[in-house]
Structures are given as C-alpha cells and as structure tokens.
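Shown next, in structure tokens, is the structure this report addresses.
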Amino acid sequence: MQIADTIEELRRIRRGSEAESWGFVPTMGFLHEGHLHLVRRARQDNDRVAVSLFVNPSQFGEAQDLANYPRNLERDLELLRGEGVDLVFCPSDEEMYPAGFQTYITVEEVARPLEGASRPTHFRGVATVLAKLFLLVRPRRAYFGQKDAQQCAVVRRLVEDLGFDLEVVACPTVREPDGLAMSSRNARLSAQQRAAAPVVFGSLKAAAARIAAGERDAEAVRETMRAVLDGEPRARVDYVSVADPETLEELEQIEGGALLSLAVFFGKIRLIDNLPIEAGDRPL
Ligand code: PAF
C-alpha cells in the first residue's frame, strides 16, 4: 500500500498506472465497517483502489465540530492495509488549502434544502474538496454511502455539470444490529445517547410502514416521524423530511418514490439517516 501525503507524491504514483481503472473512496477517516464496504465494492469493480483520509475543514460550520471530529490515522491505515488498498492519500490542511486559496464550487438547488438549510456552507466545502480530489486521483468510479443521500445527489450534479469522466456509485447504508446507521460520529455518543439513537431508524421505519399502509399525505408521514422521535427525551429533532428523491423538494402528496430523511441531535452530536421509498413499496 502506497501512502501519499503530498499532491506531488500522489501525482507521481498515479502517473505510474495510467492504463488501469481506479476506484476511489473519499473519506474523512476514523473508518468503520460502512467505509470498508465501499472499499470492498471499489476493489471488486476496479483494477486499483485509492482512499483519501482528510477531515475537510471547509465543510464544517463550527470550529468546535471540526476540532472534535474523531481521528485515528494509524488505525485507519491498518484497516486499509487489511483490505488490500493500493493508495492512500492523507494530505495536510495546508496541502489542500494552501495560503491564498480562494476557489470554491457551489452546487445550487439540490444543495439548498435539508443539510444545506441546517449547514449553509457544508456542500460548498464538500463539492470543492471532491472536485480537487477527483482531479488529483482521476478515478473511473467514486464510491459514497447512501446514508448521505443528499451528498450523493450533490456529487452526481457536480460530476454531471463539470463533466468529470467518472461514475458515482452510491452503496447501501450499513447499520449496527439495532438499526443505527454507521457513522464516525457514533463514537462521540455517550452510553445513554447511544442507547437512545436507534430511535432515528425507528422513526424512518414507522414512516415507511405508514406509507406502505396507504398514507399518501406527506405531512402526516412527517408527523409520524416526529411523534416517534418525541417519544425519546434524549432526541432533539433538527428536521424531518419527505422529499422528491431527485430534487429533494418537500412533497405534499406521495405519488411515486420519496426520500424519507432526518437529522436529530443527541446532546451536541447530530446524526442523519434516510430511507428511500420506491413507488409501490410494501410494509417493512
Ligand atoms: O462523506 C464524507 O466523509 C465527506 O463529506 C467526503 C465525501 C469525504 C468529503 O470530504
């Protein structure tokens, strides 16, 4: 496994394998089983696999959230070695955002609601860092977790609009046995918060069951999600949403597919999750 911490080193390694297809898994490190699923999928689909480990400062709103983001480079490298990854890119902040940096990419409509409304500069940071990483790594395919459904939609738009020659592959959310979606942030939950956190997926399942039972009024479905979350005193709702799966605009009536999604605080830790509903889905 080759490790590059500078752009120059990454370019040198990448130039040595022009003919091969590269699969790329961009991450912010503190890897969990969800990331490793993406790596395994990239391994299956491509000749070579590259992973980036970079806690991207431009996608964090609060300095405190960035400072508290969990990190463990040595453990991450060990896990990636175990998965047979070919290249790891772990640049410093100065390498990615050198003094004088002033070029940012803004994806418009699809980045505005949901996460974009709660964290206004978040997707600008995500789009900017990913555009830079795509240009450097030059992957054939890039892998993302469906847990960040809006991020997947924003990345698809970015790739389409700027003409990146790569395929965006969204992989199913990996869950703990009690249904909690895997996330690096879960490590920051207290024992009590962790015990309460499965209510997030519980509210999505209750909403999906209500749709499967025939409910078509989106506000009634949002109400179901809120009611389940209100039953857990440690959960504080940021948003619940029943939106069009492509535009992410809130629905009034559920006529075809829908994306159920939500963000919930447990203390200062904010968790997100979602459940795509296909047109014609049956009870779970
Ligand atoms: O999903 C993440 O971990 C980050 O948003 C990403 C895609 C690595 C960009 O920093």
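So you can find residues: chains in the structure tokens are A, B, ... in the order shown, residues in each start at 1, and ligands are numbered from 1 in order.
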Close residues, region 235-239 of chain A itself excluded, 7 Å, only C-alpha atoms, min 4 positions apart in chain, as a JSON list (two decimals) with N, CA and C atoms, in the first residue's frame:
```json
[["chain", "number", "residue", "atom", "x", "y", "z"],
["A", 229, "LEU", "N", -39.94, 10.30, 17.38],
["A", 229, "LEU", "CA", -38.76, 10.97, 17.96],
["A", 229, "LEU", "C", -39.12, 11.68, 19.27],
["A", 262, "LEU", "N", -33.90, 12.59, 7.88],
["A", 262, "LEU", "CA", -33.99, 13.36, 9.12],
["A", 262, "LEU", "C", -32.61, 13.63, 9.68],
["A", 263, "ALA", "N", -32.54, 14.67, 10.52],
["A", 263, "ALA", "CA", -31.33, 14.96, 11.29],
["A", 263, "ALA", "C", -31.78, 15.15, 12.73],
["A", 264, "VAL", "N", -31.09, 14.52, 13.65],
["A", 264, "VAL", "CA", -31.50, 14.52, 15.05],
["A", 264, "VAL", "C", -30.27, 14.75, 15.93],
["A", 265, "PHE", "N", -30.41, 15.65, 16.89],
["A", 265, "PHE", "CA", -29.33, 15.88, 17.87],
["A", 265, "PHE", "C", -29.50, 14.96, 19.07],
["A", 266, "PHE", "N", -28.38, 14.41, 19.51],
["A", 266, "PHE", "CA", -28.31, 13.76, 20.83],
["A", 266, "PHE", "C", -27.25, 14.57, 21.57]]
```
Inset, instruction - List all protein, DNA and RNA residues that have an atom no more than 10 Å from any atom of ligand 1, counting only C-alpha atoms and all ligand atoms, and report them as a PyMOL selection string. - result: chain A and resi 25-31+35+51-60+122-123+125-131+133+142-148+151-152+155+183-184
Pick out the residues sitting within 7 Å of Leu189 (chain A), and hand them over as a compact mmCIF listing (two decimals) with N, CA and C atoms, in the first residue's frame; count only C-alpha atoms, and ignore anything fewer than 4 positions along from it in its own chain.
```txt
# COMPACT_ATOMS: atom_id res chain seq x y z
N GLN A 193 -26.83 8.16 25.23
CA GLN A 193 -27.23 8.66 23.90
C GLN A 193 -27.19 7.51 22.88
N ARG A 194 -26.16 6.67 23.00
CA ARG A 194 -26.05 5.53 22.07
C ARG A 194 -27.25 4.61 22.21
N ILE A 269 -24.25 15.99 19.46
CA ILE A 269 -23.96 15.12 18.32
C ILE A 269 -25.17 15.08 17.40
```
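Computed from the coordinates, the CA of Asp178 (chain A) to CA of Pro245 (chain A) distance equals 25.6 Å.
Within region 144-196 of chain A, DSSP applied to the backbone places the following residues in alpha helix (DSSP H): Ala149, Gln150, Gln151, Cys152, Ala153, Val154, Val155, Arg156, Arg157, Leu158, Val159, Glu160, Asp161, Leu162, Ala191, Gln192, Gln193, Arg194, Ala195 and Ala196 of chain A.
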Legend entry - Spatial neighbours of region 82-90 of chain A, 8 Å, only C-alpha atoms, chain gap at least 5 places, as JSON, numbers by chain: {"A": [1, 2, 3, 4, 5, 6, 10, 36, 39, 40, 43, 48, 49, 50, 51, 52, 53, 54, 77]}
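The closest residue to Leu248 (chain A), picked from A:Glu176, A:Glu167, A:Asp273, A:Glu115 and counting only C-alpha atoms, is A:Glu115.
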Test item: residues at most 12 Å from Asp217 (chain A), only C-alpha atoms, excluding those fewer than 3 positions along its chain, as a compact mmCIF listing (two decimals) with all heavy atoms, in the first residue's frame:
```txt
# COMPACT_ATOMS: atom_id res chain seq x y z
N ALA A 207 -42.43 5.56 9.55
CA ALA A 207 -42.94 6.36 8.42
C ALA A 207 -43.13 5.48 7.18
O ALA A 207 -44.15 5.57 6.48
CB ALA A 207 -41.96 7.49 8.11
N ARG A 210 -46.17 3.42 7.49
CA ARG A 210 -47.40 4.20 7.29
C ARG A 210 -47.67 4.40 5.78
O ARG A 210 -48.82 4.31 5.33
CB ARG A 210 -47.24 5.55 8.01
CG ARG A 210 -48.50 6.33 8.00
CD ARG A 210 -48.80 7.03 9.28
NE ARG A 210 -50.12 7.66 9.13
CZ ARG A 210 -50.48 8.78 9.68
NH1 ARG A 210 -49.64 9.43 10.46
NH2 ARG A 210 -51.69 9.27 9.49
N ILE A 211 -46.61 4.65 5.03
CA ILE A 211 -46.78 4.81 3.57
C ILE A 211 -47.25 3.48 2.98
O ILE A 211 -48.15 3.43 2.14
CB ILE A 211 -45.46 5.25 2.91
CG1 ILE A 211 -45.07 6.64 3.41
CG2 ILE A 211 -45.58 5.24 1.38
CD1 ILE A 211 -43.67 7.07 3.02
N ALA A 213 -48.90 1.28 4.34
CA ALA A 213 -50.31 1.02 4.71
C ALA A 213 -51.28 1.91 3.93
O ALA A 213 -52.49 1.85 4.15
CB ALA A 213 -50.49 1.23 6.21
N GLY A 214 -50.74 2.79 3.08
CA GLY A 214 -51.63 3.56 2.20
C GLY A 214 -51.61 5.06 2.39
O GLY A 214 -52.25 5.78 1.64
N ALA A 220 -48.57 14.05 7.02
CA ALA A 220 -48.96 13.02 8.00
C ALA A 220 -47.78 12.09 8.25
O ALA A 220 -47.55 11.64 9.39
CB ALA A 220 -50.17 12.25 7.49
N VAL A 221 -47.00 11.81 7.22
CA VAL A 221 -45.84 10.92 7.37
C VAL A 221 -44.76 11.63 8.19
O VAL A 221 -44.14 11.04 9.09
CB VAL A 221 -45.32 10.48 5.98
CG1 VAL A 221 -44.04 9.66 6.13
CG2 VAL A 221 -46.39 9.67 5.25
N ARG A 222 -44.55 12.92 7.90
CA ARG A 222 -43.57 13.70 8.71
C ARG A 222 -44.01 13.70 10.17
O ARG A 222 -43.20 13.58 11.09
CB ARG A 222 -43.46 15.13 8.17
CG ARG A 222 -42.64 15.23 6.88
CD ARG A 222 -42.39 16.67 6.47
NE ARG A 222 -43.52 17.25 5.78
CZ ARG A 222 -43.72 17.23 4.44
NH1 ARG A 222 -42.83 16.68 3.65
NH2 ARG A 222 -44.79 17.77 3.90
N GLU A 223 -45.33 13.82 10.39
CA GLU A 223 -45.87 13.83 11.76
C GLU A 223 -45.57 12.51 12.47
O GLU A 223 -45.22 12.49 13.65
CB GLU A 223 -47.39 14.06 11.65
CG GLU A 223 -48.01 14.93 12.70
CD GLU A 223 -47.05 15.85 13.43
OE1 GLU A 223 -46.66 16.91 12.91
OE2 GLU A 223 -46.66 15.46 14.55
N THR A 224 -45.67 11.41 11.74
CA THR A 224 -45.34 10.09 12.31
C THR A 224 -43.88 10.06 12.76
O THR A 224 -43.56 9.58 13.86
CB THR A 224 -45.57 8.98 11.25
OG1 THR A 224 -46.94 9.01 10.88
CG2 THR A 224 -45.20 7.61 11.78
N VAL A 242 -39.91 14.51 3.93
CA VAL A 242 -40.44 13.55 2.96
C VAL A 242 -40.34 14.28 1.62
O VAL A 242 -41.12 15.18 1.34
CB VAL A 242 -41.90 13.17 3.27
CG1 VAL A 242 -42.44 12.20 2.22
CG2 VAL A 242 -42.02 12.58 4.67
N ALA A 243 -39.32 13.94 0.85
CA ALA A 243 -38.97 14.77 -0.31
C ALA A 243 -38.93 13.95 -1.59
O ALA A 243 -38.82 12.72 -1.57
CB ALA A 243 -37.62 15.44 -0.06
N GLU A 250 -39.61 19.22 -0.79
CA GLU A 250 -40.62 18.58 0.07
C GLU A 250 -41.87 18.26 -0.74
O GLU A 250 -42.31 19.06 -1.57
CB GLU A 250 -40.98 19.49 1.24
CG GLU A 250 -39.88 19.65 2.26
CD GLU A 250 -39.41 18.33 2.87
OE1 GLU A 250 -40.26 17.50 3.26
OE2 GLU A 250 -38.19 18.14 2.95
N LEU A 251 -42.42 17.07 -0.48
CA LEU A 251 -43.63 16.64 -1.17
C LEU A 251 -44.87 17.03 -0.36
O LEU A 251 -44.80 17.10 0.87
CB LEU A 251 -43.62 15.12 -1.33
CG LEU A 251 -42.54 14.52 -2.24
CD1 LEU A 251 -42.57 13.00 -2.14
CD2 LEU A 251 -42.75 14.97 -3.68
N GLU A 252 -45.98 17.23 -1.07
CA GLU A 252 -47.27 17.34 -0.38
C GLU A 252 -47.96 15.99 -0.42
O GLU A 252 -48.46 15.51 0.58
CB GLU A 252 -48.14 18.40 -1.06
CG GLU A 252 -47.72 19.79 -0.66
CD GLU A 252 -48.60 20.86 -1.25
OE1 GLU A 252 -49.74 20.56 -1.66
OE2 GLU A 252 -48.12 22.00 -1.31
N GLN A 253 -47.95 15.38 -1.59
CA GLN A 253 -48.55 14.05 -1.78
C GLN A 253 -47.46 13.08 -2.23
O GLN A 253 -46.58 13.45 -3.01
CB GLN A 253 -49.62 14.11 -2.87
CG GLN A 253 -50.91 14.78 -2.46
CD GLN A 253 -51.66 14.01 -1.37
OE1 GLN A 253 -51.85 12.80 -1.48
NE2 GLN A 253 -52.04 14.69 -0.31
N ILE A 254 -47.52 11.85 -1.74
CA ILE A 254 -46.56 10.82 -2.16
C ILE A 254 -47.20 10.06 -3.31
O ILE A 254 -48.10 9.24 -3.09
CB ILE A 254 -46.20 9.89 -0.98
CG1 ILE A 254 -45.67 10.74 0.18
CG2 ILE A 254 -45.17 8.85 -1.40
CD1 ILE A 254 -45.57 10.01 1.49
N GLU A 255 -46.73 10.36 -4.51
CA GLU A 255 -47.36 9.72 -5.67
C GLU A 255 -46.45 8.66 -6.28
O GLU A 255 -46.87 7.60 -6.65
CB GLU A 255 -47.76 10.77 -6.71
CG GLU A 255 -49.12 11.36 -6.38
CD GLU A 255 -49.29 12.81 -6.79
OE1 GLU A 255 -48.43 13.31 -7.55
OE2 GLU A 255 -50.27 13.43 -6.34
N ALA A 258 -40.14 8.42 -2.86
CA ALA A 258 -39.90 9.51 -1.91
C ALA A 258 -38.62 9.21 -1.14
O ALA A 258 -38.23 8.05 -1.02
CB ALA A 258 -41.07 9.64 -0.93
```
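Rounded to one decimal, CA of Leu180 (chain A) and CA of Gln44 (chain A) lie 26.4 Å from each other.
Using only C-alpha atoms, the contacts of region 106-113 of chain A at a cut-off of 8 Å, with sequence neighbours closer than 4 positions omitted, comprise Ala117, Pro120, Phe123, Arg124, Ala127, Thr128, Gln150, Ala153, Val154, Arg157, Leu158, Thr247, Leu248 and Glu249 of chain A.
CA of His37 (chain A) is positioned 12.9 Å from CA of Gly23 (chain A).
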Legend entry - Residues near Trp22 (chain A), cut-off 9 Å, only C-alpha atoms, skip fewer than 2 positions along chain, as a PyMOL selection string: chain A and resi 20+24+42+45-50+137-142
